[in-house]
file run-v4.txt (compact mmCIF, C-alpha atoms and all ligand atoms)
# COMPACT_ATOMS: atom_id res chain seq x y z
CA LEU A 1 50.09 146.11 8.42
CA PRO A 2 49.78 143.70 11.35
CA THR A 3 46.18 142.73 11.97
CA VAL A 4 44.76 143.52 15.35
CA ALA A 5 43.80 140.21 16.86
CA PRO A 6 40.50 140.33 18.81
CA ARG A 7 42.39 139.25 21.94
CA ALA A 8 43.94 142.72 21.85
CA SER A 9 41.11 144.21 23.90
CA ASP A 10 41.71 141.58 26.60
CA GLU A 11 45.31 142.72 26.55
CA VAL A 12 44.15 146.29 27.00
CA ALA A 13 42.13 145.15 29.98
CA GLN A 14 45.29 143.40 31.16
CA ILE A 15 47.36 146.57 30.66
CA GLU A 16 44.66 148.59 32.42
CA ARG A 17 44.49 146.10 35.32
CA LYS A 18 48.28 146.17 35.57
CA SER A 19 48.39 149.96 35.31
CA ALA A 20 45.41 150.22 37.70
CA SER A 21 47.38 148.17 40.23
CA LEU A 22 50.47 150.26 39.45
CA LEU A 23 48.38 153.34 40.27
CA ASP A 24 48.37 152.24 43.91
CA GLN A 25 52.01 153.30 44.10
CA PRO A 26 51.64 156.99 43.05
CA SER A 27 55.26 157.12 41.89
CA ILE A 28 54.51 154.67 39.03
CA LYS A 29 53.43 156.48 35.86
CA HIS A 30 50.32 155.36 34.08
CA PHE A 31 51.35 155.42 30.43
CA HIS A 32 54.43 157.08 29.00
CA LEU A 33 56.09 157.36 25.62
CA GLY A 34 58.88 154.91 26.49
CA MET A 35 56.26 152.16 26.76
CA PHE A 36 55.68 152.28 23.01
CA GLU A 37 57.59 151.44 19.84
CA ILE A 38 56.47 153.98 17.25
CA GLY A 39 55.71 152.70 13.74
CA ARG A 40 54.79 154.41 10.48
CA PRO A 41 52.73 157.58 10.38
CA LEU A 42 49.07 156.74 9.67
CA GLY A 43 47.67 160.18 9.03
CA LYS A 44 47.63 163.77 10.07
CA GLY A 45 44.93 166.25 10.84
CA LYS A 46 44.67 169.92 11.66
CA PHE A 47 46.00 169.48 15.19
CA GLY A 48 47.84 166.23 15.26
CA ARG A 49 49.50 163.25 13.73
CA VAL A 50 48.75 159.60 14.32
CA TYR A 51 51.27 156.76 14.26
CA LEU A 52 51.05 153.01 14.36
CA ALA A 53 52.45 151.94 17.76
CA ARG A 54 53.11 148.82 19.77
CA GLU A 55 53.07 148.68 23.57
CA ARG A 56 56.42 147.02 24.42
CA THR A 57 55.50 144.61 27.21
CA SER A 58 52.19 143.31 25.83
CA GLY A 59 52.92 143.73 22.08
CA PHE A 60 49.51 145.42 21.87
CA ILE A 61 49.06 147.29 18.57
CA CYS A 62 47.40 150.70 18.77
CA ALA A 63 47.37 154.12 17.14
CA LEU A 64 49.18 156.89 18.99
CA LYS A 65 47.77 160.35 18.28
CA VAL A 66 50.22 163.14 19.06
CA LEU A 67 48.90 166.65 19.70
CA HIS A 68 51.25 169.59 20.28
CA LYS A 69 50.21 171.72 23.26
CA SER A 70 51.43 174.88 21.50
CA GLU A 71 49.14 174.20 18.53
CA LEU A 72 46.22 173.36 20.82
CA SER A 73 46.54 176.63 22.71
CA GLN A 74 46.94 178.65 19.49
CA GLY A 75 43.85 176.97 18.09
CA ARG A 76 42.12 177.43 21.49
CA VAL A 77 41.03 173.77 21.33
CA GLU A 78 42.39 172.54 24.68
CA LYS A 79 38.82 172.42 26.03
CA GLN A 80 37.73 170.31 23.03
CA VAL A 81 40.62 167.87 23.49
CA ARG A 82 39.84 167.56 27.22
CA ARG A 83 36.19 166.90 26.31
CA GLU A 84 37.25 164.40 23.59
CA ILE A 85 39.34 162.49 26.16
CA GLU A 86 36.66 162.63 28.86
CA ILE A 87 33.88 161.48 26.52
CA GLN A 88 35.71 158.94 24.34
CA SER A 89 37.47 157.14 27.20
CA ASN A 90 34.10 156.22 28.70
CA LEU A 91 32.69 154.75 25.49
CA ARG A 92 32.79 151.12 24.47
CA HIS A 93 31.06 150.11 21.21
CA PRO A 94 32.26 148.12 18.15
CA ASN A 95 31.49 151.09 15.86
CA ILE A 96 33.15 153.73 18.02
CA LEU A 97 36.94 154.05 17.95
CA GLN A 98 38.14 153.26 21.46
CA LEU A 99 40.40 155.58 23.48
CA PHE A 100 42.44 153.32 25.81
CA GLY A 101 44.30 156.04 27.65
CA HIS A 102 46.26 159.24 27.38
CA PHE A 103 49.37 160.89 28.78
CA HIS A 104 51.43 164.00 28.12
CA ASP A 105 54.97 165.34 28.34
CA SER A 106 56.10 168.95 28.48
CA LYS A 107 55.19 169.67 24.86
CA ARG A 108 52.71 167.08 23.67
CA VAL A 109 49.50 165.26 24.54
CA PHE A 110 49.30 161.58 23.50
CA LEU A 111 46.06 159.67 22.91
CA ILE A 112 46.28 155.86 22.87
CA LEU A 113 43.63 154.93 20.32
CA GLU A 114 42.28 151.72 18.83
CA PHE A 115 44.00 150.92 15.51
CA ALA A 116 41.57 150.91 12.55
CA ALA A 117 43.45 148.82 10.02
CA LYS A 118 41.57 149.85 6.84
CA GLY A 119 42.00 153.56 7.30
CA GLU A 120 39.80 156.53 6.51
CA LEU A 121 36.31 155.94 5.15
CA TYR A 122 36.27 159.09 3.02
CA LYS A 123 39.26 157.78 1.03
CA HIS A 124 37.31 154.59 0.28
CA LEU A 125 34.33 156.73 -0.77
CA ARG A 126 36.43 158.96 -3.04
CA ARG A 127 38.10 155.92 -4.60
CA GLU A 128 34.81 154.08 -5.19
CA ASN A 129 32.97 157.33 -6.09
CA ARG A 130 29.84 156.03 -4.36
CA PHE A 131 28.96 152.86 -2.40
CA PRO A 132 26.62 150.12 -3.62
CA GLU A 133 23.31 150.14 -1.71
CA TRP A 134 24.11 146.97 0.31
CA LYS A 135 27.37 148.53 1.60
CA ALA A 136 25.85 151.96 2.31
CA SER A 137 22.95 150.30 4.12
CA GLN A 138 25.29 148.24 6.34
CA TYR A 139 27.36 151.31 7.16
CA ILE A 140 24.24 153.31 8.08
CA ALA A 141 22.99 150.41 10.23
CA GLN A 142 26.34 150.47 12.10
CA MET A 143 26.16 154.27 12.44
CA ALA A 144 22.62 154.04 13.82
CA SER A 145 23.76 151.44 16.36
CA ALA A 146 26.70 153.65 17.46
CA LEU A 147 24.52 156.79 17.62
CA ARG A 148 21.86 154.98 19.70
CA TYR A 149 24.61 154.01 22.13
CA LEU A 150 25.92 157.62 22.25
CA HIS A 151 22.46 159.14 22.67
CA ARG A 152 21.61 156.71 25.49
CA LYS A 153 24.65 158.28 27.24
CA HIS A 154 23.34 161.76 26.30
CA VAL A 155 26.37 162.37 24.08
CA ILE A 156 25.81 164.25 20.81
CA HIS A 157 28.61 163.76 18.26
CA ARG A 158 27.76 166.90 16.22
CA ASP A 159 30.40 166.20 13.59
CA ILE A 160 29.28 163.06 11.75
CA LYS A 161 30.92 163.09 8.31
CA PRO A 162 33.02 160.64 6.22
CA GLU A 163 36.26 162.36 7.31
CA ASN A 164 35.60 161.36 10.92
CA ILE A 165 34.91 157.70 10.24
CA LEU A 166 37.55 154.96 10.10
CA VAL A 167 37.33 151.37 8.85
CA GLY A 168 38.37 148.37 10.97
CA ILE A 169 40.07 145.19 9.81
CA HIS A 170 36.74 143.44 9.11
CA GLY A 171 35.31 146.35 7.12
CA GLU A 172 33.26 147.63 10.07
CA ILE A 173 33.14 151.40 10.54
CA LYS A 174 34.32 153.30 13.62
CA ILE A 175 33.20 156.80 14.53
CA SER A 176 36.32 158.78 15.55
CA ASP A 177 37.26 162.32 16.54
CA PHE A 178 34.96 163.33 19.38
CA GLY A 179 36.45 166.80 19.40
CA TRP A 180 33.04 168.31 18.66
CA SER A 181 30.93 165.98 20.78
CA VAL A 182 29.09 167.40 23.80
CA HIS A 183 26.62 166.34 26.43
CA ALA A 184 23.05 167.04 25.43
CA PRO A 185 21.19 169.36 25.46
CA ASN A 186 23.56 172.05 24.42
CA SER A 187 23.71 175.53 23.03
CA ARG A 188 26.72 175.97 20.77
CA ARG A 189 29.36 178.37 22.06
CA ASP A 190 32.39 177.16 20.11
CA THR A 191 32.93 178.73 16.74
CA MET A 192 32.30 176.42 13.82
CA CYS A 193 34.96 175.74 11.25
CA GLY A 194 35.23 173.29 8.38
CA THR A 195 32.45 172.22 6.06
CA LEU A 196 28.84 173.32 6.61
CA ASP A 197 27.56 170.40 4.54
CA TYR A 198 26.66 168.25 7.51
CA LEU A 199 25.19 170.89 9.82
CA PRO A 200 21.46 170.78 10.52
CA PRO A 201 19.26 173.87 10.07
CA GLU A 202 18.96 174.41 13.85
CA MET A 203 22.75 174.78 14.16
CA ILE A 204 23.32 177.22 11.31
CA LYS A 205 20.37 179.57 11.83
CA PRO A 206 22.36 182.71 12.82
CA GLY A 207 21.20 184.46 16.00
CA SER A 208 18.14 182.29 16.41
CA SER A 209 16.87 183.01 19.92
CA ASP A 210 16.72 179.38 20.90
CA ASN A 211 20.06 178.12 19.59
CA SER A 212 19.94 175.14 21.93
CA TYR A 213 19.61 171.78 20.21
CA ASN A 214 19.69 168.12 21.13
CA GLU A 215 20.73 164.68 19.85
CA LYS A 216 18.45 165.07 16.83
CA VAL A 217 21.28 166.99 15.14
CA ASP A 218 23.02 163.65 14.61
CA LEU A 219 19.92 162.33 12.79
CA TRP A 220 20.17 165.12 10.22
CA SER A 221 23.90 164.34 9.74
CA LEU A 222 23.05 160.65 9.35
CA GLY A 223 20.71 161.65 6.52
CA VAL A 224 23.45 163.69 4.86
CA LEU A 225 25.85 160.75 5.28
CA THR A 226 23.34 158.31 3.71
CA TYR A 227 22.91 160.63 0.74
CA GLU A 228 26.68 161.08 0.31
CA PHE A 229 27.36 157.32 0.50
CA LEU A 230 24.80 156.66 -2.27
CA VAL A 231 25.33 159.72 -4.49
CA GLY A 232 29.05 160.47 -3.94
CA GLU A 233 28.49 164.10 -2.92
CA ALA A 234 26.65 165.88 -0.11
CA PRO A 235 22.99 166.89 -0.75
CA PHE A 236 23.48 170.63 -0.11
CA GLU A 237 26.97 170.97 -1.58
CA ASP A 238 27.26 174.45 -3.02
CA THR A 239 28.92 177.77 -2.26
CA PRO A 240 28.92 178.46 1.53
CA VAL A 241 26.08 180.99 1.24
CA MET A 242 23.97 178.74 -1.00
CA THR A 243 24.71 175.69 1.19
CA GLN A 244 23.34 177.51 4.24
CA ARG A 245 20.25 178.62 2.31
CA ARG A 246 19.62 175.13 0.90
CA ILE A 247 20.06 173.51 4.33
CA ALA A 248 17.61 176.01 5.89
CA ARG A 249 15.01 174.91 3.30
CA ALA A 250 16.05 171.22 3.15
CA ASP A 251 16.37 172.01 -0.56
CA MET A 252 17.92 168.91 -2.18
CA SER A 253 17.13 166.53 -5.00
CA ILE A 254 17.75 162.79 -4.91
CA PRO A 255 18.99 161.27 -8.22
CA SER A 256 16.75 158.66 -9.86
CA PHE A 257 19.35 155.88 -9.48
CA VAL A 258 18.74 155.93 -5.70
CA SER A 259 16.29 153.15 -4.74
CA PRO A 260 12.82 154.16 -3.45
CA GLU A 261 13.57 152.65 -0.01
CA ALA A 262 16.84 154.62 0.36
CA ARG A 263 15.07 157.77 -0.88
CA ASP A 264 12.37 157.23 1.76
CA LEU A 265 14.92 156.95 4.61
CA ILE A 266 16.85 160.06 3.43
CA LYS A 267 13.61 162.05 3.31
CA ARG A 268 12.67 160.92 6.84
CA LEU A 269 16.07 162.04 8.21
CA LEU A 270 16.49 165.36 6.34
CA VAL A 271 13.47 166.99 8.01
CA LEU A 272 13.72 170.62 9.13
CA ASP A 273 11.85 170.07 12.39
CA PRO A 274 14.25 168.04 14.63
CA GLU A 275 11.33 166.45 16.48
CA LYS A 276 9.90 165.07 13.23
CA ARG A 277 13.08 163.20 12.17
CA ILE A 278 12.76 159.40 12.17
CA PRO A 279 14.17 158.08 15.49
CA LEU A 280 17.20 155.75 15.48
CA ASP A 281 15.28 152.61 16.49
CA GLN A 282 13.04 153.13 13.44
CA VAL A 283 16.13 153.68 11.26
CA GLN A 284 17.35 150.24 12.31
CA THR A 285 14.03 148.63 11.35
CA HIS A 286 13.58 150.66 8.12
CA PRO A 287 12.97 148.46 4.99
CA TRP A 288 16.17 149.76 3.30
CA ILE A 289 18.24 148.71 6.33
CA VAL A 290 16.49 145.40 7.01
CA LYS A 291 16.56 144.36 3.34
CA HIS A 292 20.37 144.49 3.20
CA CYS A 293 21.53 143.56 6.69
CA ALA A 294 19.84 140.17 6.35
CA ARG A 295 22.67 139.35 3.95
CA GLY A 296 25.08 138.65 6.79
CA SER A 297 27.22 140.36 9.40
CA SER A 298 28.53 143.91 9.32
CA ARG A 299 31.70 142.75 7.55
CA ASP A 300 33.22 142.92 4.08
CA LYS A 301 31.60 140.59 1.59
CA PRO A 302 33.89 137.59 0.82
C1 LIG B 401 45.61 162.73 13.53
C2 LIG B 401 44.82 162.17 12.43
C3 LIG B 401 43.37 162.49 12.62
C4 LIG B 401 42.94 163.81 12.66
C5 LIG B 401 41.57 164.12 12.80
C6 LIG B 401 40.62 163.11 12.89
C7 LIG B 401 41.03 161.76 12.87
C8 LIG B 401 39.98 160.69 12.97
C9 LIG B 401 39.58 160.24 11.61
C10 LIG B 401 42.40 161.45 12.74
N1 LIG B 401 42.83 160.09 12.72
C11 LIG B 401 42.86 159.36 13.87
O1 LIG B 401 42.58 159.86 14.96
N2 LIG B 401 43.14 158.00 13.73
C12 LIG B 401 43.00 157.10 14.76
C13 LIG B 401 43.30 155.86 14.24
C14 LIG B 401 43.65 155.99 12.91
C15 LIG B 401 43.55 157.33 12.60
C16 LIG B 401 43.91 154.69 12.43
N3 LIG B 401 44.28 154.21 11.22
C17 LIG B 401 44.63 154.98 10.16
O2 LIG B 401 44.67 156.21 10.14
C18 LIG B 401 45.00 154.25 8.91
C19 LIG B 401 45.27 154.99 7.76
C20 LIG B 401 45.59 154.33 6.58
C21 LIG B 401 45.67 152.93 6.52
N4 LIG B 401 46.01 152.27 5.34
C22 LIG B 401 45.92 153.10 4.11
C23 LIG B 401 46.45 152.35 2.92
N5 LIG B 401 45.80 151.03 2.76
C24 LIG B 401 46.27 150.36 1.58
C25 LIG B 401 46.02 150.22 3.96
C26 LIG B 401 45.47 150.90 5.20
C27 LIG B 401 45.39 152.21 7.68
C28 LIG B 401 45.07 152.85 8.87
N6 LIG B 401 43.68 153.87 13.48
N7 LIG B 401 43.31 154.57 14.57
call {"tool": "encode", "arguments": {"input": "run-v4.txt", "output": "structure tokens", "more": "lines below"}}
Ligand SMILES: CCc1cccc(CC)c1NC(=O)n1cc2c(c1)/C(=N\C(=O)c1ccc(N3CCN(C)CC3)cc1)N=N2
result
Amino acid sequence: LPTVAPRASDEVAQIERKSASLLDQPSIKHFHLGMFEIGRPLGKGKFGRVYLARERTSGFICALKVLHKSELSQGRVEKQVRREIEIQSNLRHPNILQLFGHFHDSKRVFLILEFAAKGELYKHLRRENRFPEWKASQYIAQMASALRYLHRKHVIHRDIKPENILVGIHGEIKISDFGWSVHAPNSRRDTMCGTLDYLPPEMIKPGSSDNSYNEKVDLWSLGVLTYEFLVGEAPFEDTPVMTQRRIARADMSIPSFVSPEARDLIKRLLVLDPEKRIPLDQVQTHPWIVKHCARGSSRDKP
């Protein structure tokens, strides 16, 4: 796979400047399919497929996500896709997958996304079973940095899990799939689907009067992610009914091979009361994070 040279983002800026200037003549389209050479399929999800792509004039490598309008309307997820586009196109952070632009034709919506050359994090996790503490710690440090950035913009991701994280060419992680992200505070109206494993107690309590919640939901999910990186399975993994019950009681046990520092951080994140969860700035200065990040940048070890 071609590597994405760092200059690529300058080229995006160049494309954007060019297309911004093109926008002055309304007849000129912004982006369209003919501008891209489509490469191999990279992956597929419930509502779309993603392909390696190259923008013809600049040679810029990206990932083109194709969503079929018919499927979106059947799944009643148009609103989510609109929100994903609106939120993700205004974000710029090394650990958040960038959305450079979007366009559509009669049948499909196309998202022009940053190419993450090392693919899906959950496949790495399944292959390695669980991550060594130094790697898990660096990933959580990167997640905390990305979440701090999101929360400063009052964006809650709400769907932090290994399946929604990609890995860049230097081994850095990139939060993707903002389909479930919202502006805080929020009271959930969309129906949930998929795994319950990562949901905090305040989002699964059925019919609780005050079902509004805030950014702290991402702290709980960060705790679940930390546990899963180190143990290889989620802390409340069980049958759906038991998972809900165990989440509501924060009923989990941490295996003895997990270091005391990592155990301490997990316990400070998986707290029932959202207000009592350790804040992100204290995650970044936690002994388990500091002890490993000192070993060098957020990249693969040589
Ligand atoms: C449409 C697919 C989808 C549905 C739902 C959620 C998400 C976000 C995770 C996505 N993916 C998405 O949006 N994606 C946006 C993307 C993206 C996915 C991506 N890369 C890859 O998917 C990928 C996969 C495998 C790969 N190789 C595997 C074999 N290795 C030996 C070499 C490397 C290398 C890159 N880059 N930007």
call {"tool": "closest_residue", "arguments": {"input": "run-v4.txt", "among": "A:Asp238, A:Glu78, A:Asp281, A:Glu84", "to": "ligand LIG 401 (chain B)", "atoms": "only C-alpha atoms and all ligand atoms"}}
result
A:Glu84
call {"tool": "atom_distance", "arguments": {"input": "run-v4.txt", "atom1": "atom C27 of ligand LIG 401 (chain B)", "atom2": "CA of Asp10 in chain A"}}
result
22.0 Å
call {"tool": "atom_distance", "arguments": {"input": "run-v4.txt", "atom1": "CA of Met242 in chain A", "atom2": "CA of Ser221 in chain A"}}
result
18.0 Å
call {"tool": "residues_around", "arguments": {"input": "run-v4.txt", "residues": "range 246-257 of chain A", "least_positions_apart": "6", "cutoff": "12 Å", "atoms": "all atoms listed in the file", "output": "JSON, numbers by chain"}}
result
{"A": [130, 132, 133, 196, 197, 198, 199, 200, 201, 202, 203, 204, 205, 206, 220, 221, 223, 224, 226, 227, 228, 230, 231, 232, 233, 234, 235, 236, 237, 238, 239, 240, 263, 264, 265, 266, 267, 268, 269, 270, 271, 272, 273]}
call {"tool": "closest_residue", "arguments": {"input": "run-v4.txt", "among": "A:Glu114, A:Asp105, A:Glu163, A:Glu86", "to": "Gly45 in chain A", "atoms": "only C-alpha atoms"}}
result
A:Glu163
call {"tool": "closest_atom_pairs", "arguments": {"input": "run-v4.txt", "of": "chain A", "to": "ligand LIG 401 (chain B)", "cutoff": "6 Å", "atoms": "only C-alpha atoms and all ligand atoms", "output": "CSV"}}
result
residue,atom,partner,partner_atom,distance
A:Leu42,CA,B:LIG401,O2,4.5
A:Gly43,CA,B:LIG401,C2,4.9
A:Lys44,CA,B:LIG401,C2,4.0
A:Gly45,CA,B:LIG401,C4,3.6
A:Gly48,CA,B:LIG401,C1,4.5
A:Arg49,CA,B:LIG401,C1,3.9
A:Val50,CA,B:LIG401,C1,4.5
A:Ala63,CA,B:LIG401,N7,4.8
A:Lys65,CA,B:LIG401,C1,5.7
A:Leu113,CA,B:LIG401,N7,5.8
A:Glu114,CA,B:LIG401,N7,5.2
A:Phe115,CA,B:LIG401,N6,3.6
A:Ala116,CA,B:LIG401,N6,3.8
A:Ala117,CA,B:LIG401,C28,4.5
A:Lys118,CA,B:LIG401,C26,4.4
A:Gly119,CA,B:LIG401,C18,3.5
A:Glu120,CA,B:LIG401,C19,5.8
A:Glu163,CA,B:LIG401,C9,5.8
A:Asn164,CA,B:LIG401,C9,4.2
A:Ile165,CA,B:LIG401,C9,5.5
A:Leu166,CA,B:LIG401,C9,5.9
A:Ser176,CA,B:LIG401,C8,4.9
A:Asp177,CA,B:LIG401,C8,4.8
call {"tool": "closest_residue", "arguments": {"input": "run-v4.txt", "among": "A:Arg277, A:Arg76, A:His183, A:His292", "to": "Glu261 in chain A", "atoms": "only C-alpha atoms"}}
result
A:His292
call {"tool": "closest_residue", "arguments": {"input": "run-v4.txt", "among": "A:Leu222, A:Glu71, A:Gly39, A:Pro94", "to": "Ile169 in chain A", "atoms": "all atoms listed in the file"}}
result
A:Pro94
call {"tool": "residues_around", "arguments": {"input": "run-v4.txt", "residues": "Asp218 in chain A", "least_positions_apart": "4", "cutoff": "7 Å", "atoms": "all atoms listed in the file", "output": "PDB file with C-alpha atoms, in the coordinates of the input"}}
result
ATOM      1  CA  ILE A 156      25.810 164.250  20.810  1.00  0.00           C
ATOM      2  CA  HIS A 157      28.610 163.760  18.260  1.00  0.00           C
ATOM      3  CA  ARG A 158      27.760 166.900  16.220  1.00  0.00           C
ATOM      4  CA  ILE A 160      29.280 163.060  11.750  1.00  0.00           C
ATOM      5  CA  LEU A 222      23.050 160.650   9.350  1.00  0.00           C
TER       6      LEU A 222
END
call {"tool": "closest_residue", "arguments": {"input": "run-v4.txt", "among": "A:Phe47, A:Lys135, A:Arg54, A:His170", "to": "Cys293 in chain A", "atoms": "all atoms listed in the file"}}
result
A:Lys135
call {"tool": "atom_distance", "arguments": {"input": "run-v4.txt", "atom1": "CA of Leu67 in chain A", "atom2": "CA of Tyr139 in chain A"}}
result
29.3 Å
call {"tool": "closest_residue", "arguments": {"input": "run-v4.txt", "among": "A:His32, A:His104, A:Arg148, A:Lys174", "to": "Arg56 in chain A", "atoms": "all atoms listed in the file"}}
result
A:His32
call {"tool": "decode", "arguments": {"input": "run-v4.txt", "residues": "range 215-293 of chain A", "atoms": "C-alpha atoms", "output": "mmCIF file, in the first residue's frame"}}
result
data_model
loop_
_atom_site.group_PDB
_atom_site.id
_atom_site.type_symbol
_atom_site.label_atom_id
_atom_site.label_comp_id
_atom_site.auth_asym_id
_atom_site.auth_seq_id
_atom_site.Cartn_x
_atom_site.Cartn_y
_atom_site.Cartn_z
ATOM 1 C CA GLU A 215 -19.083 14.021 27.862
ATOM 2 C CA LYS A 216 -18.362 11.819 30.891
ATOM 3 C CA VAL A 217 -19.868 8.907 28.932
ATOM 4 C CA ASP A 218 -16.654 8.831 26.890
ATOM 5 C CA LEU A 219 -14.630 8.448 30.120
ATOM 6 C CA TRP A 220 -16.496 5.251 30.978
ATOM 7 C CA SER A 221 -15.877 3.926 27.431
ATOM 8 C CA LEU A 222 -12.196 4.836 27.776
ATOM 9 C CA GLY A 223 -12.107 2.659 30.895
ATOM 10 C CA VAL A 224 -13.725 -0.234 29.033
ATOM 11 C CA LEU A 225 -11.228 0.251 26.180
ATOM 12 C CA THR A 226 -8.259 0.233 28.602
ATOM 13 C CA TYR A 227 -9.518 -3.002 30.148
ATOM 14 C CA GLU A 228 -10.076 -4.634 26.737
ATOM 15 C CA PHE A 229 -6.606 -3.620 25.456
ATOM 16 C CA LEU A 230 -4.950 -5.221 28.516
ATOM 17 C CA VAL A 231 -7.211 -8.247 29.067
ATOM 18 C CA GLY A 232 -8.351 -9.050 25.495
ATOM 19 C CA GLU A 233 -12.066 -8.945 26.328
ATOM 20 C CA ALA A 234 -14.494 -6.320 27.621
ATOM 21 C CA PRO A 235 -15.002 -6.104 31.430
ATOM 22 C CA PHE A 236 -18.785 -6.693 31.379
ATOM 23 C CA GLU A 237 -18.891 -9.162 28.486
ATOM 24 C CA ASP A 238 -21.775 -11.525 29.127
ATOM 25 C CA THR A 239 -25.279 -12.228 27.857
ATOM 26 C CA PRO A 240 -27.093 -8.958 26.975
ATOM 27 C CA VAL A 241 -29.205 -9.070 30.152
ATOM 28 C CA MET A 242 -26.239 -9.885 32.399
ATOM 29 C CA THR A 243 -24.065 -7.258 30.645
ATOM 30 C CA GLN A 244 -26.641 -4.561 31.443
ATOM 31 C CA ARG A 245 -26.877 -5.724 35.059
ATOM 32 C CA ARG A 246 -23.098 -5.864 35.489
ATOM 33 C CA ILE A 247 -22.639 -2.415 33.928
ATOM 34 C CA ALA A 248 -25.324 -0.951 36.235
ATOM 35 C CA ARG A 249 -23.299 -2.246 39.217
ATOM 36 C CA ALA A 250 -19.826 -1.679 37.700
ATOM 37 C CA ASP A 251 -19.455 -5.383 38.482
ATOM 38 C CA MET A 252 -16.124 -6.471 36.944
ATOM 39 C CA SER A 253 -12.942 -8.162 38.071
ATOM 40 C CA ILE A 254 -9.462 -7.237 36.877
ATOM 41 C CA PRO A 255 -7.088 -10.210 36.318
ATOM 42 C CA SER A 256 -3.952 -10.338 38.483
ATOM 43 C CA PHE A 257 -1.612 -9.992 35.470
ATOM 44 C CA VAL A 258 -2.777 -6.363 35.075
ATOM 45 C CA SER A 259 -0.271 -4.002 36.726
ATOM 46 C CA PRO A 260 -1.378 -2.073 39.857
ATOM 47 C CA GLU A 261 -1.054 1.267 38.008
ATOM 48 C CA ALA A 262 -3.265 0.098 35.100
ATOM 49 C CA ARG A 263 -5.754 -1.374 37.597
ATOM 50 C CA ASP A 264 -5.867 1.986 39.394
ATOM 51 C CA LEU A 265 -6.658 3.913 36.183
ATOM 52 C CA ILE A 266 -9.378 1.415 35.132
ATOM 53 C CA LYS A 267 -11.008 1.712 38.559
ATOM 54 C CA ARG A 268 -10.955 5.527 38.356
ATOM 55 C CA LEU A 269 -12.673 5.473 34.938
ATOM 56 C CA LEU A 270 -15.276 2.724 35.535
ATOM 57 C CA VAL A 271 -17.125 4.692 38.233
ATOM 58 C CA LEU A 272 -20.935 4.650 38.263
ATOM 59 C CA ASP A 273 -21.282 8.338 39.111
ATOM 60 C CA PRO A 274 -20.219 10.234 35.925
ATOM 61 C CA GLU A 275 -19.068 13.229 37.979
ATOM 62 C CA LYS A 276 -16.656 11.051 39.978
ATOM 63 C CA ARG A 277 -14.785 9.660 36.934
ATOM 64 C CA ILE A 278 -11.153 10.801 36.640
ATOM 65 C CA PRO A 279 -11.026 13.781 34.228
ATOM 66 C CA LEU A 280 -9.016 13.514 30.984
ATOM 67 C CA ASP A 281 -6.218 15.876 32.065
ATOM 68 C CA GLN A 282 -5.614 13.598 35.076
ATOM 69 C CA VAL A 283 -5.686 10.544 32.792
ATOM 70 C CA GLN A 284 -2.828 12.090 30.823
ATOM 71 C CA THR A 285 -0.769 12.632 33.981
ATOM 72 C CA HIS A 286 -1.675 9.253 35.574
ATOM 73 C CA PRO A 287 1.422 7.178 36.622
ATOM 74 C CA TRP A 288 0.487 4.325 34.222
ATOM 75 C CA ILE A 289 0.398 6.776 31.289
ATOM 76 C CA VAL A 290 3.459 8.828 32.267
ATOM 77 C CA LYS A 291 5.572 5.729 32.999
ATOM 78 C CA HIS A 292 5.221 4.440 29.426
ATOM 79 C CA CYS A 293 4.945 7.549 27.271
#
